[in-house]
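S.K.: Supplied in structure tokens, the structure appears directly below.
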Amino acid sequence: MCELQKHGGPDDGGIYISENQQLVLGNRRLSLLDLTADGHMPMAYQNRFFITYNGEIYNYKAIKSELIVLGHYFSNQTDTEVILAAFAQWGPLAFNRLKGMFAFALYDQQENELYLVRDAAGIKPLYYASNTTGIIFASEVRAFQAAEVKPLNNESWPIYLLAYGHIPEPISTLKNVQSLPKGFYLKYELGTKSISLQSFAHYSYSNRIFDATEANQRVAQQLEMAVEQHLLADAPIGVFLSGGLDSGIIAALASKYKQTALNSLSIYFEEKEYSEKQYQDILINHLNCNAHQLLLNETEFNQSFPSILNDMDMPSCDGINTWFISKYAATNGLKAVLSGVGGDELFGGYPSFNRMGKAILLQHLPNFIKQAGKKSKFKRLSRMSYLQLDGLKGLYLFLRGNFTPNDIAQQLGAYENDVWNTLNDMPTLQEMPCLDDKNKASWVEFNMYMQNQLLRDSDVMSMIHGVEIRVPFLDDEVIRLANSIQPETKYAGALPKQFLIDAFWDDIPQAIWDRPKMGFSFPFAKWLSNSAYVKELMVNGNEQSNKNFQNFVNGKMHWSHMMSLVILNHRNAI
Amino acid sequence: MCRVAGKALHERAVVNNSKLLIKSMYDKQSDADENKYFPSEIFSGFGEAKISFIVSAVRAGIKADTVILSHINLLLVGWLIKKINPKVKLILFAHGIEIWGEIGFKKKQMLPCVDVFLPVSNYTADKIKSVHNVFSEKIEVLNNCLDPFMPLGKEFSDKAVVREKYGFKKEDIILFTLSRLSSKERYKGYDKVLEALVKVKQQFSNVKYLIAGSYDIEEKRYIDEMSKKLHLEDAVILSGFVPEEDLVAHFSMADIYIMPSMKEGFGIVFIEAMFYGLPVIAGNKDGSVDALRNGDLGILVDPLDVDAIEKSLLDLLSNIDTSAPNKQILMQYFSYTQYKRNLEGILS
């Protein structure tokens with residue numbers, strides 16, 4: 001299993017087998033703190049606790065000081081050891097004290113208990129499968145191919161892919177393999193083989209802060225502290241600079257703390273309508289970055305596309321951007337990169353924030369009206385049929401769904417009823433009766449789109465190149481602070497994320513926020529239509545597949561929908 | 001304990017892919033902000049707007065598979081839900097005194113609509129059967145459990161250090177009772193303990209009795225006078241209200257937890273005391289029996305019998321070093337993990 005994940009940990013590897021032979025922990029290490037062999041994993045503490053771990057604990061130094069006062073001894077400089085010592089002191093109550101991104105397996109030899117733990121924002125992945133004989137876990141789904149009993153395919157995954165554009169948690173492409181919910185730990189008692197899942201942290205919305213000035217100041221302060229902490233590394237680190245507001249803010253804050261010039265990474269194109277180079281240049285000059293700007297052309301895209309499809313782990317119609325920029329980071333010797341993910345979800349950067357109110361009203365309409373437009377060419381009309389699904393799930397798919405259920409049925413040669421049943425079944429989103437409309441938008445974007453697509457894709461597509469992506473907007477204190485600002489203050493203003501613009505008024509040049517949002521898109525429509533590889537995949541498929549390709553080439557299908565179909569064909573061909 | 005149940009239900013919903021809504025008649029919506037037990041999004045607090053609460057609870061309840069009532073005072077809501085949608089499974093938590101005696105005509109009429117009673121102890125279960133004529137098939141004992149957020153207390157492992165902080169001596173033997181002291185309800189048994197202390201102190205001169213918990217003036221006067229009369233003034237300390245963050249220290253520095261009370265539905269304080277390693281003496285006439293596992297985990301005494309209390313104290317003090325409660329048994333029955341398993345068994 002470790003071999004299959006070697007790309008994410010090129011620096012070191014290790015295995016630990018428990019004395020009673022009942023447990024094996026494996027690790028591939030990407031060294032960022034304490035680059036010496038002291039950071040080897042799986043790591044032991046007091047010869048009782050053992051850990052294999054992926055992530056960064058940004059407040060590890062503060063926790064370490066506290067533990068030293070309580071009488072603990074440390075033998076190295078890693079945050080890994082701090083997790084072990086914290087657990088030795090506080091047991092499972094230690095998990096809530098860890099601020100950062102993490103997925104780890106911690107074994108208590110004395111009690112013969114295993115803990116699988118995942119951070120509250122779900123930044124790092126953790127998949128597991130359990131049955132009566134035991135439990136298997138890994139950071140990527142592909143690792144399960146090496147399990148003793150190879151897991152079966154989850155036959156419904158194509159439905160989810162076509163509806164969502166990705167596979168939403170807790171589902172995976174393999175039967176019985178699921179994601180550990182974020183902010184949860186799984187306790188496995190090796191003696192009795194019993195499993196118990198418990199939450200140790202969660203995020204909620206409240207209305208504690210009203211005043212805009214106070215809110216701006218506190219967010220600016222907190223985000224600056226987060227960026228400073230996120231820069232902690234013994235290896236070279238940089239910042240993604242897309243040219244947009246969020247990554248611009250991160251870069252601006254980071255440049256305050258770098259002794260040397262800040263490394264920035266950007267991608268631009270010859271195709272002017274997709275290129276954000278002019279905005280990247282403004283920021284690069286403004287911040288005196290050590291800039292790395294990659295001109296990505298169609299040839300390089302075509303060469304890399306088959307690898308991208310193979311590297312994806314779980315299917316997603318997105319993530320390609322991250323693949324390229326992470327590769328570029330790796331070639332420039334960077335081990336970790338800061339990204340602006342999270343800004344949109346916390347501060348209202350998407351159109352869904354304005355559309356949610358109307359969507360909620362529309363959801364009250366009777367079903368026969370909702371599905372009347374399902375065959376319409378207009379996306380908004382056809383997607384209305386999704387509002388037939390209960391609550392937030394229906395709203396999310398109405399706002400962001402790809403293919404509609406009748407289209408999915410046609411594409412897969414399935415019964416539409418079965419498609420509806422599958423989509424209805426999982427995942428289950430709670431009802432949130434007292435939550436403000438815009439906060440509802442924030443919730444679905446944070447817990448669905450960001451979680452299942454942005455974070456998951458970022459993690460896989462960066463780790464495949466041995467690069468770690470860090471997300472300061474998702475710092476624990478930043479999230480809690482943002483969520484406690486009343487919506488009327490947080491989402492106010494003429495422009496989306498006016499709040500952030502105001503909070504960082506002095507740091508960001510006007511040209512950066514006073515511009516149309518482009519969403520880091522690629523000239524996919526053109527490149528995919530020209531690609532011989534894509535053509536071969538689609539044309540060699542069935543009749544439906546052929547038709548799809550023709551529709552796409554004739555401009556009748558959006559590239560992200562095409563991507564999903566390409567992925568389907570690619571996986572079927574394997 | 002309701003919050004703990006809320007956490008258990010929330011985690012269950014996440015794991016089982018099901019929906020959970022929590023509605024409270026008395027709490028305000030903002031009361032759930034920043035709470036550690038479950039996300040406030042699934043919670044609706046009506047801040048005593050009783051009609052709105054009832055309407056909202058019934059509307060949501062009739063669409064649910066299962067409705068759990070946390071207290072018998074919410075019976076009207078359950079009854080209305082069952083009237084409209086009889087297929088809903090209606091469950092009622094039963095704690096202690098609120099259901100041991102007569103409940104009034106209206107509640108009596110509505111009680112049969114409950115499908116499953118969850119008493120927190122066998123004592124409460126028996127009362128439900130005998131006083132309200134409910135069949136055993138409808139009753140399932142669900143003992144309370146340790147709060148999952150209770151700290152391990154490793155920082156207080158050195159008793160001497162903690163004692164110094166609170167003004168006790170290293171060689172003191174500290175008896176501890178934690179309870180609100182009210183002149184209107186004197187059923188916690190500390191007055192009986194005082195009486196028993198007279199003879200105990202003759203044999204063990206460095207015994208101290210720490211009674212913690214907020215008190216009203218009359219009760220303090222009563223205890224002070226009693227201590228004086230029994231010549232125990234130096235040995236008895238009333239520390240008043242103890243903030244939550246200091247409770248672990250108090251448990252850690254004590255030697256014995258004693259509270260021969262009469263009206264415990266279950267007695268969570270007993271399992272908490274045992275969690276921090278204290279041998280426990282409790283009354284044998286109420287739900288405390290379950291908390292002490294019928295005497296397996298601690299000593300049960302007749303709470304009205306001063307001689308029995310005295311004897312149990314003397315016995316315990318003579319064997320104090322070997323009397324720590326069996327932590328394994330304690331966790332086997334009263335851990336939060338076990339509570340969740342029990343709850344799962346009842347709900348599925």
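A note on labels: chains of the structure tokens are A, B, ... as shown, every chain counts residues from 1, and ligands are counted from 1 in their shown order.
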Show me, as a PyMOL selection string, the residues of chain A whose atoms get within 6 Å of chain B, using only C-alpha atoms for the distance check.
M.R.: chain A and resi 204+428+430+432
S.K.: Got time to write the residues from that selection, C-alpha atoms, as a PDB file, in the first residue's frame?
M.R.:
ATOM      1  CA  SER A 204     -21.046  26.173  13.089  1.00  0.00           C
ATOM      2  CA  THR A 428     -27.509  12.750   3.597  1.00  0.00           C
ATOM      3  CA  GLN A 430     -28.913  17.664   7.549  1.00  0.00           C
ATOM      4  CA  MET A 432     -30.770  23.521   8.968  1.00  0.00           C
TER       5      MET A 432
END
S.K.: So that I can see what lies close to Ser18 (chain A), please list as a list in words the residues with an atom at most 9 Å from it, counting only C-alpha atoms and leaving out residues fewer than 6 positions away in the same chain.
M.R.: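 Result of the neighbour search: Val24, Leu25, Tyr107 and Gln109 of chain A.
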S.K.: What is the CA of Glu477 (chain A)-CA of Tyr53 (chain A) distance in Å, reported with one decimal?
M.R.: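 Interatomic distance, CA of Glu477 (chain A) to CA of Tyr53 (chain A): 22.4 Å.
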S.K.: Could you check the closest approach to Asp305 (chain B) for each of B:Ile72, B:Leu347, B:Ile237, B:Glu195 and tell me which residue wins, using only C-alpha atoms?
M.R.: B:Glu195
S.K.: DSSP says alpha helix (DSSP H) for which residues of region 24-217 of chain B? Put them as a ChimeraX atom specification?
M.R.: /B:50-61,75-84,97-100,105-110,122-132,159-166,190-203,217
S.K.: For C-alpha atoms, I'd like the residues from the last selection saved as a CSV table (one decimal), in the first residue's frame.
M.R.:
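Saved file selection_28.csv follows:
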chain,number,residue,atom,x,y,z
B,50,LYS,CA,-44.1,27.4,23.9
B,51,ILE,CA,-46.7,27.5,21.1
B,52,SER,CA,-44.1,28.0,18.4
B,53,PHE,CA,-42.1,25.2,19.8
B,54,ILE,CA,-45.0,22.8,19.9
B,55,VAL,CA,-46.1,23.7,16.4
B,56,SER,CA,-42.5,23.3,15.0
B,57,ALA,CA,-41.8,20.1,17.0
B,58,VAL,CA,-45.1,18.5,15.9
B,59,ARG,CA,-44.6,19.4,12.2
B,60,ALA,CA,-41.1,18.0,12.2
B,61,GLY,CA,-42.0,15.0,14.4
B,75,LEU,CA,-45.4,14.6,26.5
B,76,LEU,CA,-48.0,16.8,24.8
B,77,VAL,CA,-45.8,17.2,21.8
B,78,GLY,CA,-45.3,13.4,21.6
B,79,TRP,CA,-49.0,12.8,22.0
B,80,LEU,CA,-50.0,15.1,19.2
B,81,ILE,CA,-47.4,13.6,16.9
B,82,LYS,CA,-48.7,10.1,17.6
B,83,LYS,CA,-52.3,11.2,17.0
B,84,ILE,CA,-51.4,12.6,13.6
B,97,ILE,CA,-38.4,12.3,40.7
B,98,GLU,CA,-40.3,13.7,37.7
B,99,ILE,CA,-41.8,10.3,37.0
B,100,TRP,CA,-41.6,8.4,40.3
B,105,PHE,CA,-54.4,13.7,35.2
B,106,LYS,CA,-53.4,15.1,31.7
B,107,LYS,CA,-50.1,13.4,31.6
B,108,LYS,CA,-51.6,10.1,32.8
B,109,GLN,CA,-54.0,10.2,29.9
B,110,MET,CA,-51.2,10.8,27.4
B,122,ASN,CA,-33.5,0.1,37.3
B,123,TYR,CA,-35.1,2.0,40.2
B,124,THR,CA,-36.8,4.5,37.9
B,125,ALA,CA,-37.8,1.5,35.7
B,126,ASP,CA,-39.5,-0.2,38.6
B,127,LYS,CA,-41.3,3.0,39.5
B,128,ILE,CA,-42.6,3.4,36.0
B,129,LYS,CA,-43.9,-0.2,36.2
B,130,SER,CA,-45.5,0.1,39.6
B,131,VAL,CA,-46.8,3.6,39.7
B,132,HIS,CA,-47.9,4.0,36.1
B,159,LYS,CA,-2.4,14.9,45.3
B,160,ALA,CA,-0.2,16.8,47.7
B,161,VAL,CA,0.4,19.6,45.2
B,162,VAL,CA,-3.4,20.1,44.6
B,163,ARG,CA,-4.2,19.9,48.3
B,164,GLU,CA,-1.7,22.7,49.1
B,165,LYS,CA,-3.4,24.9,46.6
B,166,TYR,CA,-6.7,24.5,48.4
B,190,TYR,CA,-24.5,15.0,54.2
B,191,ASP,CA,-26.2,15.6,57.5
B,192,LYS,CA,-26.1,11.9,58.2
B,193,VAL,CA,-22.5,11.8,57.2
B,194,LEU,CA,-21.8,14.5,59.8
B,195,GLU,CA,-23.4,12.4,62.5
B,196,ALA,CA,-21.3,9.4,61.4
B,197,LEU,CA,-18.1,11.5,61.4
B,198,VAL,CA,-18.1,11.8,65.2
B,199,LYS,CA,-17.0,8.2,65.8
B,200,VAL,CA,-14.9,8.1,62.6
B,201,LYS,CA,-12.9,11.1,63.7
B,202,GLN,CA,-12.1,9.4,67.0
B,203,GLN,CA,-10.3,6.7,65.1
B,217,ILE,CA,-28.0,30.8,53.8
S.K.: Which residues come within 8 Å of Gln77 (chain A), counting only C-alpha atoms, excluding same-chain residues fewer than 6 positions away, as a list in words?
M.R.: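 Neighbouring residues, sequence-local ones excluded: Leu33, Asp34, Asp38 and Gly39 of chain A.
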S.K.: Next, write the just-selected residues to a file, as a JSON list (two decimals), in the first residue's frame, keeping C-alpha atoms as the atom set.
M.R.:
[["chain", "number", "residue", "atom", "x", "y", "z"],
["A", 33, "LEU", "CA", 9.63, 20.02, 9.44],
["A", 34, "ASP", "CA", 12.88, 18.55, 10.82],
["A", 38, "ASP", "CA", 14.59, 12.01, 13.45],
["A", 39, "GLY", "CA", 11.35, 12.66, 11.64]]
S.K.: State, in Å with one decimal place, the distance from CA of Gly295 (chain B) to CA of Ala94 (chain B).
M.R.: 23.0 Å
S.K.: I need the residue nearest Leu429 (chain A) from this list: A:Glu300, A:Asp211, A:Glu169, A:Glu224. Use only C-alpha atoms for the distance.
M.R.: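 For Leu429 (chain A), the nearest of the candidates is A:Glu169.
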S.K.: Any idea what's packed within 7 Å of region 110-115 of chain A, counting only C-alpha atoms, ignoring anything in its chain fewer than 2 positions away? Could you give it as a list in words?
M.R.: Arg48, Ala105, Leu106, Tyr107, Asp108, Val117, Tyr185, Leu186, Lys187, Tyr188, Glu189, Leu190 and Gly191 of chain A
S.K.: Find, counting only C-alpha atoms, the residue in A:Leu399, A:Leu287, A:Ile282, A:Ala201 that gets nearest to Tyr257 (chain A).
M.R.: A:Leu287
S.K.: Taking the backbone alone, and naming residues the way the document does, which bits of region 186-338 of chain A are strand (DSSP E or B) by DSSP, as a PyMOL selection string?
M.R.: chain A and resi 186-189+194-199+209+237-240+263-268+290-295+336-338
S.K.: Give me, please, the distance in Å between CA of Ser312 (chain B) and CA of Phe241 (chain B), quoted to one decimal.
M.R.: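 One can read the CA of Ser312 (chain B) to CA of Phe241 (chain B) distance as 27.8 Å.
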S.K.: Using only C-alpha atoms, pick whichever of A:Leu296, A:Ala121, A:Ala88, A:Leu223 has the shortest atom-to-atom distance to Phe200 (chain A).
M.R.: A:Ala121
